[in-house]
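So this one's target-v9.txt, compact mmCIF, N, CA and C atoms and all ligand atoms:
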# COMPACT_ATOMS: atom_id res chain seq x y z
N MET A 1 111.55 101.94 137.38
CA MET A 1 110.11 101.90 137.02
C MET A 1 109.88 102.65 135.72
N ALA A 2 108.87 102.23 134.99
CA ALA A 2 108.57 102.86 133.70
C ALA A 2 107.07 103.05 133.56
N LYS A 3 106.71 103.98 132.68
CA LYS A 3 105.30 104.23 132.39
C LYS A 3 105.09 104.18 130.89
N ARG A 4 104.02 103.52 130.45
CA ARG A 4 103.69 103.54 129.02
C ARG A 4 102.20 103.71 128.86
N ARG A 5 101.83 104.57 127.91
CA ARG A 5 100.41 104.72 127.56
C ARG A 5 100.18 103.99 126.26
N LEU A 6 99.26 103.05 126.29
CA LEU A 6 99.05 102.19 125.13
C LEU A 6 97.58 102.16 124.73
N VAL A 7 97.35 101.93 123.44
CA VAL A 7 96.00 101.64 122.97
C VAL A 7 95.95 100.13 122.70
N LEU A 8 95.03 99.46 123.37
CA LEU A 8 94.85 98.01 123.18
C LEU A 8 93.60 97.79 122.34
N THR A 9 93.74 97.01 121.29
CA THR A 9 92.58 96.67 120.45
C THR A 9 92.32 95.18 120.61
N PHE A 10 91.15 94.87 121.13
CA PHE A 10 90.81 93.48 121.45
C PHE A 10 89.95 92.88 120.35
N PRO A 11 90.30 91.73 119.80
CA PRO A 11 89.37 91.05 118.91
C PRO A 11 88.16 90.57 119.72
N PRO A 12 87.01 90.36 119.07
CA PRO A 12 85.80 90.01 119.83
C PRO A 12 85.98 88.83 120.77
N GLU A 13 86.78 87.85 120.37
CA GLU A 13 86.91 86.65 121.20
C GLU A 13 87.76 86.89 122.46
N VAL A 14 88.44 88.03 122.52
CA VAL A 14 89.29 88.31 123.69
C VAL A 14 88.65 89.35 124.61
N VAL A 15 87.63 90.04 124.10
CA VAL A 15 87.03 91.18 124.82
C VAL A 15 86.63 90.83 126.25
N GLU A 16 86.14 89.61 126.46
CA GLU A 16 85.63 89.29 127.79
C GLU A 16 86.66 88.64 128.71
N ARG A 17 87.90 88.51 128.24
CA ARG A 17 88.91 87.91 129.11
C ARG A 17 89.46 88.95 130.10
N PRO A 18 89.82 88.52 131.29
CA PRO A 18 90.25 89.48 132.33
C PRO A 18 91.69 89.94 132.13
N VAL A 19 91.92 90.61 131.01
CA VAL A 19 93.28 90.99 130.61
C VAL A 19 93.91 91.97 131.60
N VAL A 20 93.13 92.94 132.05
CA VAL A 20 93.69 93.95 132.96
C VAL A 20 94.08 93.30 134.29
N ALA A 21 93.24 92.42 134.79
CA ALA A 21 93.55 91.71 136.03
C ALA A 21 94.84 90.90 135.87
N MET A 22 95.04 90.33 134.67
CA MET A 22 96.24 89.56 134.40
C MET A 22 97.49 90.45 134.47
N LEU A 23 97.38 91.69 133.96
CA LEU A 23 98.53 92.60 134.00
C LEU A 23 98.94 92.89 135.43
N VAL A 24 97.95 93.07 136.28
CA VAL A 24 98.21 93.39 137.68
C VAL A 24 98.78 92.17 138.40
N LYS A 25 98.10 91.04 138.24
CA LYS A 25 98.43 89.83 139.02
C LYS A 25 99.72 89.16 138.53
N ASP A 26 99.84 88.99 137.22
CA ASP A 26 100.97 88.22 136.69
C ASP A 26 102.21 89.07 136.42
N TYR A 27 102.03 90.36 136.20
CA TYR A 27 103.18 91.20 135.82
C TYR A 27 103.45 92.33 136.80
N ASP A 28 102.63 92.40 137.85
CA ASP A 28 102.86 93.41 138.89
C ASP A 28 102.86 94.83 138.30
N ILE A 29 101.93 95.08 137.39
CA ILE A 29 101.86 96.38 136.72
C ILE A 29 100.61 97.12 137.21
N ILE A 30 100.80 98.36 137.63
CA ILE A 30 99.65 99.19 137.98
C ILE A 30 99.00 99.62 136.67
N THR A 31 97.74 99.31 136.52
CA THR A 31 97.07 99.53 135.23
C THR A 31 95.94 100.52 135.41
N ASN A 32 96.09 101.66 134.75
CA ASN A 32 95.09 102.71 134.85
C ASN A 32 94.34 102.80 133.52
N ILE A 33 93.06 102.43 133.54
CA ILE A 33 92.28 102.50 132.30
C ILE A 33 91.80 103.94 132.14
N LEU A 34 92.30 104.60 131.12
CA LEU A 34 91.96 106.02 130.91
C LEU A 34 90.66 106.15 130.13
N ARG A 35 90.49 105.35 129.12
CA ARG A 35 89.24 105.32 128.36
C ARG A 35 89.04 103.94 127.78
N ALA A 36 87.79 103.56 127.59
CA ALA A 36 87.55 102.23 127.05
C ALA A 36 86.25 102.20 126.27
N GLU A 37 86.24 101.39 125.25
CA GLU A 37 85.03 101.17 124.46
C GLU A 37 84.95 99.67 124.24
N ILE A 38 84.22 99.00 125.12
CA ILE A 38 84.19 97.53 125.12
C ILE A 38 82.74 97.07 125.10
N HIS A 39 82.40 96.23 124.14
CA HIS A 39 81.06 95.64 124.09
C HIS A 39 81.20 94.17 123.74
N GLU A 40 80.38 93.36 124.38
CA GLU A 40 80.42 91.92 124.16
C GLU A 40 80.28 91.60 122.68
N GLY A 41 81.18 90.73 122.17
CA GLY A 41 81.07 90.26 120.80
C GLY A 41 81.54 91.23 119.74
N GLU A 42 82.14 92.37 120.15
CA GLU A 42 82.62 93.35 119.17
C GLU A 42 84.10 93.64 119.43
N ILE A 43 84.76 94.24 118.43
CA ILE A 43 86.13 94.69 118.63
C ILE A 43 86.12 95.76 119.73
N GLY A 44 87.05 95.65 120.68
CA GLY A 44 87.09 96.62 121.78
C GLY A 44 88.39 97.41 121.76
N ARG A 45 88.33 98.63 122.26
CA ARG A 45 89.55 99.45 122.36
C ARG A 45 89.65 100.05 123.75
N MET A 46 90.88 100.13 124.22
CA MET A 46 91.10 100.64 125.56
C MET A 46 92.39 101.48 125.57
N LEU A 47 92.32 102.63 126.19
CA LEU A 47 93.53 103.43 126.39
C LEU A 47 93.98 103.20 127.83
N VAL A 48 95.18 102.67 128.01
CA VAL A 48 95.65 102.35 129.36
C VAL A 48 97.01 102.97 129.63
N GLU A 49 97.25 103.23 130.90
CA GLU A 49 98.59 103.66 131.32
C GLU A 49 99.13 102.55 132.21
N LEU A 50 100.30 102.04 131.83
CA LEU A 50 100.91 100.96 132.60
C LEU A 50 102.10 101.51 133.38
N ASP A 51 102.16 101.13 134.64
CA ASP A 51 103.21 101.63 135.52
C ASP A 51 103.85 100.42 136.20
N GLY A 52 105.11 100.18 135.88
CA GLY A 52 105.77 99.02 136.47
C GLY A 52 107.21 98.94 135.99
N GLN A 53 107.85 97.80 136.22
CA GLN A 53 109.22 97.63 135.74
C GLN A 53 109.20 97.50 134.22
N ALA A 54 110.15 98.18 133.56
CA ALA A 54 110.17 98.20 132.08
C ALA A 54 110.17 96.78 131.51
N LYS A 55 110.95 95.91 132.14
CA LYS A 55 111.06 94.53 131.64
C LYS A 55 109.71 93.82 131.74
N ARG A 56 109.03 94.03 132.86
CA ARG A 56 107.74 93.37 133.08
C ARG A 56 106.68 93.93 132.10
N ILE A 57 106.78 95.23 131.80
CA ILE A 57 105.83 95.81 130.84
C ILE A 57 106.07 95.20 129.46
N ARG A 58 107.34 95.06 129.07
CA ARG A 58 107.66 94.45 127.77
C ARG A 58 107.10 93.03 127.70
N GLU A 59 107.29 92.28 128.79
CA GLU A 59 106.79 90.89 128.82
C GLU A 59 105.26 90.87 128.71
N ALA A 60 104.63 91.80 129.43
CA ALA A 60 103.16 91.84 129.41
C ALA A 60 102.65 92.18 128.00
N VAL A 61 103.32 93.13 127.33
CA VAL A 61 102.92 93.51 125.97
C VAL A 61 103.05 92.30 125.04
N LYS A 62 104.15 91.56 125.21
CA LYS A 62 104.36 90.37 124.38
C LYS A 62 103.22 89.37 124.61
N HIS A 63 102.86 89.20 125.87
CA HIS A 63 101.79 88.26 126.20
C HIS A 63 100.45 88.71 125.61
N LEU A 64 100.18 90.01 125.70
CA LEU A 64 98.94 90.54 125.12
C LEU A 64 98.90 90.26 123.62
N GLU A 65 100.03 90.49 122.94
CA GLU A 65 100.08 90.26 121.49
C GLU A 65 99.87 88.79 121.17
N GLU A 66 100.40 87.93 122.03
CA GLU A 66 100.20 86.48 121.82
C GLU A 66 98.72 86.11 121.97
N LEU A 67 98.02 86.87 122.80
CA LEU A 67 96.57 86.62 122.98
C LEU A 67 95.74 87.16 121.82
N GLY A 68 96.41 87.91 120.92
CA GLY A 68 95.68 88.48 119.78
C GLY A 68 95.30 89.93 119.97
N VAL A 69 95.78 90.54 121.05
CA VAL A 69 95.49 91.96 121.30
C VAL A 69 96.51 92.81 120.52
N GLU A 70 96.02 93.80 119.78
CA GLU A 70 96.91 94.71 119.07
C GLU A 70 97.34 95.79 120.05
N VAL A 71 98.64 96.03 120.14
CA VAL A 71 99.16 96.99 121.12
C VAL A 71 99.90 98.11 120.40
N GLU A 72 99.47 99.35 120.61
CA GLU A 72 100.13 100.48 119.97
C GLU A 72 100.40 101.55 121.01
N ASP A 73 101.51 102.28 120.83
CA ASP A 73 101.76 103.42 121.71
C ASP A 73 100.69 104.46 121.46
N ALA A 74 100.17 105.02 122.53
CA ALA A 74 99.09 106.00 122.41
C ALA A 74 99.63 107.36 121.97
N ILE A 75 98.83 108.03 121.19
CA ILE A 75 99.15 109.42 120.90
C ILE A 75 98.67 110.24 122.11
N THR A 76 99.11 111.48 122.21
CA THR A 76 98.70 112.26 123.39
C THR A 76 97.49 113.14 123.08
N ASP A 77 97.29 113.43 121.78
CA ASP A 77 96.14 114.28 121.44
C ASP A 77 95.92 114.23 119.93
N ILE A 78 94.74 114.64 119.50
CA ILE A 78 94.51 114.84 118.07
C ILE A 78 94.08 116.28 117.86
N GLU A 79 94.34 116.75 116.65
CA GLU A 79 93.96 118.12 116.33
C GLU A 79 93.15 118.11 115.04
N LEU A 80 92.04 118.80 115.06
CA LEU A 80 91.15 118.84 113.89
C LEU A 80 91.13 120.26 113.33
N ASP A 81 91.43 120.37 112.03
CA ASP A 81 91.34 121.68 111.38
C ASP A 81 89.93 121.80 110.80
N ASP A 82 89.00 122.32 111.61
CA ASP A 82 87.61 122.31 111.16
C ASP A 82 87.27 123.45 110.20
N THR A 83 88.25 124.31 109.92
CA THR A 83 87.95 125.41 108.97
C THR A 83 87.78 124.86 107.56
N GLU A 84 88.46 123.73 107.25
CA GLU A 84 88.40 123.16 105.90
C GLU A 84 87.46 121.96 105.82
N CYS A 85 86.90 121.56 106.95
CA CYS A 85 86.10 120.33 107.01
C CYS A 85 84.82 120.47 106.19
N ILE A 86 84.54 119.42 105.39
CA ILE A 86 83.33 119.44 104.55
C ILE A 86 82.24 118.54 105.16
N SER A 87 82.46 118.08 106.39
CA SER A 87 81.50 117.24 107.11
C SER A 87 81.04 116.04 106.29
N CYS A 88 82.01 115.41 105.61
CA CYS A 88 81.68 114.25 104.77
C CYS A 88 81.37 113.02 105.62
N GLY A 89 81.86 112.98 106.85
CA GLY A 89 81.56 111.86 107.75
C GLY A 89 82.50 110.68 107.64
N ALA A 90 83.49 110.75 106.74
CA ALA A 90 84.40 109.60 106.58
C ALA A 90 85.11 109.27 107.89
N CYS A 91 85.47 110.27 108.65
CA CYS A 91 86.19 110.01 109.90
C CYS A 91 85.25 109.41 110.96
N THR A 92 83.97 109.73 110.89
CA THR A 92 83.03 109.22 111.90
C THR A 92 82.86 107.71 111.77
N ALA A 93 83.04 107.21 110.55
CA ALA A 93 82.83 105.78 110.31
C ALA A 93 83.85 104.91 111.04
N VAL A 94 85.03 105.45 111.30
CA VAL A 94 86.06 104.64 111.96
C VAL A 94 86.17 104.94 113.46
N CYS A 95 85.38 105.90 113.93
CA CYS A 95 85.49 106.32 115.34
C CYS A 95 84.53 105.50 116.19
N LEU A 96 85.04 104.41 116.74
CA LEU A 96 84.18 103.49 117.51
C LEU A 96 83.52 104.14 118.73
N PRO A 97 84.21 105.00 119.47
CA PRO A 97 83.55 105.57 120.67
C PRO A 97 82.55 106.67 120.36
N GLY A 98 82.44 107.05 119.08
CA GLY A 98 81.48 108.10 118.74
C GLY A 98 81.95 109.49 119.14
N ALA A 99 83.26 109.69 119.18
CA ALA A 99 83.79 111.02 119.51
C ALA A 99 83.63 111.98 118.35
N LEU A 100 83.58 111.45 117.14
CA LEU A 100 83.35 112.26 115.94
C LEU A 100 81.95 111.96 115.44
N LYS A 101 81.16 113.00 115.25
CA LYS A 101 79.78 112.78 114.80
C LYS A 101 79.37 113.87 113.82
N VAL A 102 78.57 113.48 112.85
CA VAL A 102 77.91 114.46 111.98
C VAL A 102 76.42 114.21 112.16
N GLU A 103 75.76 115.11 112.84
CA GLU A 103 74.34 114.90 113.15
C GLU A 103 73.54 116.17 112.88
N GLY A 104 72.23 115.94 112.67
CA GLY A 104 71.33 117.08 112.48
C GLY A 104 71.13 117.83 113.78
N PRO A 105 70.64 119.07 113.75
CA PRO A 105 70.12 119.73 112.55
C PRO A 105 71.20 120.39 111.67
N GLY A 106 72.39 120.62 112.20
CA GLY A 106 73.38 121.37 111.41
C GLY A 106 74.18 120.51 110.45
N TRP A 107 74.28 119.18 110.72
CA TRP A 107 75.06 118.25 109.92
C TRP A 107 76.50 118.72 109.73
N GLU A 108 77.07 119.24 110.83
CA GLU A 108 78.49 119.61 110.80
C GLU A 108 79.24 118.69 111.74
N LEU A 109 80.48 118.40 111.38
CA LEU A 109 81.29 117.50 112.21
C LEU A 109 81.51 118.09 113.60
N GLU A 110 81.32 117.22 114.61
CA GLU A 110 81.62 117.65 115.98
C GLU A 110 82.57 116.64 116.60
N LEU A 111 83.55 117.14 117.31
CA LEU A 111 84.52 116.28 118.01
C LEU A 111 84.32 116.44 119.51
N ASP A 112 84.04 115.31 120.17
CA ASP A 112 83.89 115.30 121.62
C ASP A 112 85.15 114.65 122.21
N LYS A 113 86.08 115.48 122.65
CA LYS A 113 87.36 114.95 123.13
C LYS A 113 87.22 114.09 124.38
N GLN A 114 86.12 114.28 125.13
CA GLN A 114 85.90 113.46 126.31
C GLN A 114 85.70 111.99 125.94
N ARG A 115 85.19 111.75 124.75
CA ARG A 115 84.94 110.37 124.32
C ARG A 115 86.10 109.77 123.53
N CYS A 116 87.02 110.61 123.10
CA CYS A 116 88.12 110.16 122.24
C CYS A 116 89.07 109.25 123.01
N ILE A 117 89.38 108.09 122.45
CA ILE A 117 90.32 107.19 123.12
C ILE A 117 91.71 107.26 122.48
N LEU A 118 91.92 108.27 121.64
CA LEU A 118 93.24 108.54 121.06
C LEU A 118 93.79 107.34 120.29
N CYS A 119 92.91 106.69 119.54
CA CYS A 119 93.35 105.54 118.75
C CYS A 119 94.03 105.98 117.46
N GLY A 120 93.72 107.19 116.98
CA GLY A 120 94.35 107.72 115.78
C GLY A 120 93.76 107.23 114.46
N LEU A 121 92.71 106.42 114.52
CA LEU A 121 92.16 105.84 113.28
C LEU A 121 91.55 106.89 112.35
N CYS A 122 91.08 107.98 112.91
CA CYS A 122 90.44 109.01 112.07
C CYS A 122 91.45 109.73 111.19
N VAL A 123 92.72 109.68 111.55
CA VAL A 123 93.73 110.46 110.82
C VAL A 123 93.79 110.03 109.35
N ASP A 124 93.91 108.74 109.12
CA ASP A 124 94.00 108.25 107.74
C ASP A 124 92.66 108.27 107.04
N ALA A 125 91.58 108.35 107.81
CA ALA A 125 90.24 108.29 107.20
C ALA A 125 89.85 109.60 106.51
N CYS A 126 90.46 110.69 106.89
CA CYS A 126 90.06 112.00 106.34
C CYS A 126 90.71 112.22 104.97
N PRO A 127 89.89 112.34 103.92
CA PRO A 127 90.47 112.53 102.59
C PRO A 127 91.19 113.87 102.43
N LEU A 128 90.88 114.80 103.31
CA LEU A 128 91.51 116.13 103.22
C LEU A 128 92.66 116.29 104.21
N GLN A 129 92.94 115.23 104.94
CA GLN A 129 94.04 115.21 105.92
C GLN A 129 93.94 116.37 106.92
N LEU A 130 92.75 116.50 107.47
CA LEU A 130 92.50 117.60 108.41
C LEU A 130 92.74 117.21 109.86
N ILE A 131 92.98 115.93 110.10
CA ILE A 131 93.19 115.48 111.49
C ILE A 131 94.64 115.05 111.65
N THR A 132 95.29 115.61 112.63
CA THR A 132 96.69 115.27 112.87
C THR A 132 96.85 114.81 114.33
N VAL A 133 97.94 114.10 114.58
CA VAL A 133 98.15 113.60 115.94
C VAL A 133 99.34 114.29 116.59
N LYS A 134 99.30 114.28 117.91
CA LYS A 134 100.46 114.75 118.69
C LYS A 134 100.98 113.56 119.50
N PHE A 135 102.27 113.35 119.50
CA PHE A 135 102.84 112.26 120.31
C PHE A 135 103.47 112.82 121.57
S1 LIG A 201 91.44 109.32 117.70
FE1 LIG A 201 89.84 109.78 116.19
S2 LIG A 201 88.89 107.79 115.70
FE2 LIG A 201 90.05 107.52 117.61
S3 LIG A 201 88.55 107.87 119.21
FE3 LIG A 201 89.58 109.84 118.85
S4 LIG A 201 88.31 110.91 117.39
FE4 LIG A 201 87.68 108.74 117.35
S1 LIG A 202 86.81 113.00 107.13
FE1 LIG A 202 87.78 115.04 107.18
S2 LIG A 202 86.49 116.34 105.88
FE2 LIG A 202 85.30 114.49 106.37
S3 LIG A 202 84.13 115.04 108.24
FE3 LIG A 202 86.03 114.11 108.93
S4 LIG A 202 87.47 115.83 109.25
FE4 LIG A 202 85.77 116.59 108.01

Could I get this structure in the form of structure tokens?
Amino acid sequence: MAKRRLVLTFPPEVVERPVVAMLVKDYDIITNILRAEIHEGEIGRMLVELDGQAKRIREAVKHLEELGVEVEDAITDIELDDTECISCGACTAVCLPGALKVEGPGWELELDKQRCILCGLCVDACPLQLITVKF
């Protein structure tokens, strides 16, 4: 048996398909959705943990990719060096779940790790390279 934590990025046309049910039914994989940001007609992201036979997980990943789902290994955490942060908001623009926000009255960057789906997109968005990932 094997376990993999993956970030799935769904194009809008795939968002409403029962992909998770397919993993369970067709590939015999226990699928634990850890976090998700899914809205009708928009790009969706989901952090999932798959538990099953390694071969079946590989097959399922291949099938997901054939459906147009982007599949990436999940990072385990992100780290923000907020001592140097200038609250420019560049990282907030790529954070779909709204885990990174710059809002009044203080207009300082805030990171809500409860909302973070560990997609890693904010890492490249920061011009000062203040966000790093842990694998
Ligand atoms: S990794 Fe960064 S961009 Fe992705 S959800 Fe977490 S804070 Fe937002
Ligand atoms: S992109 Fe970098 S400097 Fe700008 S708000 Fe985000 S962490 Fe701070």

Checklist line | Proximity to ligand LIG 201 (chain A) - best of A:Glu110, A:Glu49, A:Asp82, A:Glu103, only C-alpha atoms and all ligand atoms | finding: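 Ranked by minimum distance to ligand LIG 201 (chain A), first place goes to A:Glu110.
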
Throw together the list of residues within 6 Å of ligand LIG 202 (chain A), counting only C-alpha atoms and all ligand atoms, and drop it here as a compact mmCIF listing (two decimals) with N, CA and C atoms, in the coordinates of the input.
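As a result, selection34.txt now contains:
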# COMPACT_ATOMS: atom_id res chain seq x y z
N CYS A 85 86.90 121.56 106.95
CA CYS A 85 86.10 120.33 107.01
C CYS A 85 84.82 120.47 106.19
N ILE A 86 84.54 119.42 105.39
CA ILE A 86 83.33 119.44 104.55
C ILE A 86 82.24 118.54 105.16
N SER A 87 82.46 118.08 106.39
CA SER A 87 81.50 117.24 107.11
C SER A 87 81.04 116.04 106.29
N CYS A 88 82.01 115.41 105.61
CA CYS A 88 81.68 114.25 104.77
C CYS A 88 81.37 113.02 105.62
N GLY A 89 81.86 112.98 106.85
CA GLY A 89 81.56 111.86 107.75
C GLY A 89 82.50 110.68 107.64
N ALA A 90 83.49 110.75 106.74
CA ALA A 90 84.40 109.60 106.58
C ALA A 90 85.11 109.27 107.89
N CYS A 91 85.47 110.27 108.65
CA CYS A 91 86.19 110.01 109.90
C CYS A 91 85.25 109.41 110.96
N LEU A 109 80.48 118.40 111.38
CA LEU A 109 81.29 117.50 112.21
C LEU A 109 81.51 118.09 113.60
N ALA A 125 91.58 108.35 107.81
CA ALA A 125 90.24 108.29 107.20
C ALA A 125 89.85 109.60 106.51
N CYS A 126 90.46 110.69 106.89
CA CYS A 126 90.06 112.00 106.34
C CYS A 126 90.71 112.22 104.97
N PRO A 127 89.89 112.34 103.92
CA PRO A 127 90.47 112.53 102.59
C PRO A 127 91.19 113.87 102.43
N LEU A 128 90.88 114.80 103.31
CA LEU A 128 91.51 116.13 103.22
C LEU A 128 92.66 116.29 104.21
N LEU A 130 92.75 116.50 107.47
CA LEU A 130 92.50 117.60 108.41
C LEU A 130 92.74 117.21 109.86

Please tabulate, as a Markdown table, the residues of chain A that come within 5 Å of ligand LIG 201 (chain A), each with its closest pair of atoms and the distance in Å to one decimal, counting only N, CA and C atoms and all ligand atoms and ordering rows by chain, then residue number upward.
| residue | atom | partner | partner_atom | distance |
| --- | --- | --- | --- | --- |
| A:Val94 | C | A:LIG201 | S2 | 4.5 |
| A:Cys95 | CA | A:LIG201 | S2 | 3.7 |
| A:Ala99 | N | A:LIG201 | FE4 | 4.9 |
| A:Leu100 | N | A:LIG201 | S4 | 4.8 |
| A:Cys116 | CA | A:LIG201 | FE3 | 3.7 |
| A:Ile117 | N | A:LIG201 | S3 | 3.4 |
| A:Leu118 | CA | A:LIG201 | S1 | 3.9 |
| A:Cys119 | N | A:LIG201 | S1 | 3.5 |
| A:Gly120 | N | A:LIG201 | S1 | 3.2 |
| A:Leu121 | N | A:LIG201 | FE2 | 4.2 |
| A:Cys122 | N | A:LIG201 | S2 | 3.6 |

Next item on the list: Considering only C-alpha atoms, state which residue in the set A:Gly98, A:Lys25, A:Val61, A:Val20 is at the smallest distance from Gln114 (chain A).
Entry: A:Gly98

Item checked: Pairwise distance for CA of Val24 (chain A) and CA of Val48 (chain A), rounded to one decimal in Å -> 12.5 Å

Check: To one decimal place, how far is CA of Thr83 (chain A) from CA of Pro105 (chain A) in Å?
Finding: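 Between CA of Thr83 (chain A) and CA of Pro105 (chain A) the gap works out to 19.1 Å.
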
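Picture a line from atom C of Thr9 (chain A) to CA of His63 (chain A); it runs 13.0 Å.
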
Note to self: Could you pull out the helix (DSSP H, G or I) residues of chain A, going by DSSP on the backbone, and write them as a ChimeraX atom specification?
What the structure shows: /A:19-27,54-66,90-94,121-125

Next item on the list: Would you kindly return, as an MDAnalysis selection string, each protein, DNA or RNA residue with an atom no farther than 7 Å from any atom of Leu34 (chain A), considering all atoms listed in the file and excluding same-chain residues fewer than 2 positions away?
Entry: chainID A and resid 31:32 36 46:49

Check: Could you pull the residues within 7 Å of Val15 (chain A), counting all atoms listed in the file, minus those fewer than 2 positions along the same chain, as a ChimeraX atom specification?
Finding: /A:10-13,17-18,38-44

Item checked: Selection near Leu50 (chain A), 8 Å with only C-alpha atoms, sequence-local residues under 6 positions removed, as a count of residues only -> 10

Please return the centre and edge lengths, in Å to one decimal, of a box with edges along x, y and z that contains all listed atoms of region 29-35 of chain A, widened by 5 Å on every side, as AutoDock Vina command-line options.
--center_x 95.5 --center_y 100.6 --center_z 132.9 --size_x 22.9 --size_y 21.1 --size_z 20.2

Item checked: Distance query 5 Å from (94.2, 114.6, 112.5) using all atoms listed in the file, result as a list of chain:residue names ->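 Within 5 Å of (94.2, 114.6, 112.5), the protein and nucleic acid residues are A:Glu79, A:Val123, A:Leu130, A:Ile131, A:Thr132, A:Val133.
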
Margin query: Please extract the residues of chain A with a backbone DSSP assignment of strand (DSSP E) and present them as a PyMOL selection string.
Written below: chain A and resi 2-10+30-37+44-52+70-73+77-80+100-103+108-111+131-134

With all heavy atoms as the goal, would you fill in the gaps in region 22-28 of chain A and present it as a JSON list (two decimals), in the coordinates of the input?
[["chain", "number", "residue", "atom", "x", "y", "z"],
["A", 22, "MET", "N", 95.04, 90.33, 134.67],
["A", 22, "MET", "CA", 96.24, 89.56, 134.40],
["A", 22, "MET", "C", 97.49, 90.45, 134.47],
["A", 22, "MET", "O", 98.52, 90.06, 135.03],
["A", 22, "MET", "CB", 96.09, 88.92, 133.01],
["A", 22, "MET", "CG", 97.28, 88.15, 132.48],
["A", 22, "MET", "SD", 98.46, 89.15, 131.59],
["A", 22, "MET", "CE", 97.56, 89.61, 130.11],
["A", 23, "LEU", "N", 97.38, 91.69, 133.96],
["A", 23, "LEU", "CA", 98.53, 92.60, 134.00],
["A", 23, "LEU", "C", 98.94, 92.89, 135.43],
["A", 23, "LEU", "O", 100.12, 92.94, 135.77],
["A", 23, "LEU", "CB", 98.18, 93.92, 133.29],
["A", 23, "LEU", "CG", 97.95, 93.85, 131.78],
["A", 23, "LEU", "CD1", 97.47, 95.20, 131.27],
["A", 23, "LEU", "CD2", 99.21, 93.43, 131.05],
["A", 24, "VAL", "N", 97.95, 93.07, 136.28],
["A", 24, "VAL", "CA", 98.21, 93.39, 137.68],
["A", 24, "VAL", "C", 98.78, 92.17, 138.40],
["A", 24, "VAL", "O", 99.82, 92.22, 139.06],
["A", 24, "VAL", "CB", 96.91, 93.86, 138.38],
["A", 24, "VAL", "CG1", 97.16, 94.14, 139.86],
["A", 24, "VAL", "CG2", 96.35, 95.09, 137.68],
["A", 25, "LYS", "N", 98.10, 91.04, 138.24],
["A", 25, "LYS", "CA", 98.43, 89.83, 139.02],
["A", 25, "LYS", "C", 99.72, 89.16, 138.53],
["A", 25, "LYS", "O", 100.58, 88.83, 139.32],
["A", 25, "LYS", "CB", 97.25, 88.87, 138.88],
["A", 25, "LYS", "CG", 97.35, 87.60, 139.67],
["A", 25, "LYS", "CD", 96.01, 86.88, 139.64],
["A", 25, "LYS", "CE", 96.16, 85.39, 139.89],
["A", 25, "LYS", "NZ", 96.76, 84.65, 138.80],
["A", 26, "ASP", "N", 99.84, 88.99, 137.22],
["A", 26, "ASP", "CA", 100.97, 88.22, 136.69],
["A", 26, "ASP", "C", 102.21, 89.07, 136.42],
["A", 26, "ASP", "O", 103.31, 88.54, 136.38],
["A", 26, "ASP", "CB", 100.57, 87.51, 135.39],
["A", 26, "ASP", "CG", 99.46, 86.49, 135.62],
["A", 26, "ASP", "OD1", 99.18, 86.19, 136.80],
["A", 26, "ASP", "OD2", 98.87, 86.01, 134.64],
["A", 27, "TYR", "N", 102.03, 90.36, 136.20],
["A", 27, "TYR", "CA", 103.18, 91.20, 135.82],
["A", 27, "TYR", "C", 103.45, 92.33, 136.80],
["A", 27, "TYR", "O", 104.34, 93.13, 136.59],
["A", 27, "TYR", "CB", 102.98, 91.74, 134.40],
["A", 27, "TYR", "CG", 103.00, 90.62, 133.37],
["A", 27, "TYR", "CD1", 101.82, 89.99, 132.99],
["A", 27, "TYR", "CD2", 104.20, 90.17, 132.84],
["A", 27, "TYR", "CE1", 101.83, 88.95, 132.08],
["A", 27, "TYR", "CE2", 104.22, 89.13, 131.93],
["A", 27, "TYR", "CZ", 103.03, 88.52, 131.55],
["A", 27, "TYR", "OH", 103.05, 87.48, 130.66],
["A", 28, "ASP", "N", 102.63, 92.40, 137.85],
["A", 28, "ASP", "CA", 102.86, 93.41, 138.89],
["A", 28, "ASP", "C", 102.86, 94.83, 138.30],
["A", 28, "ASP", "O", 103.71, 95.66, 138.64],
["A", 28, "ASP", "CB", 104.20, 93.12, 139.57],
["A", 28, "ASP", "CG", 104.23, 93.64, 141.00],
["A", 28, "ASP", "OD1", 103.14, 93.94, 141.53],
["A", 28, "ASP", "OD2", 105.32, 93.78, 141.55]]
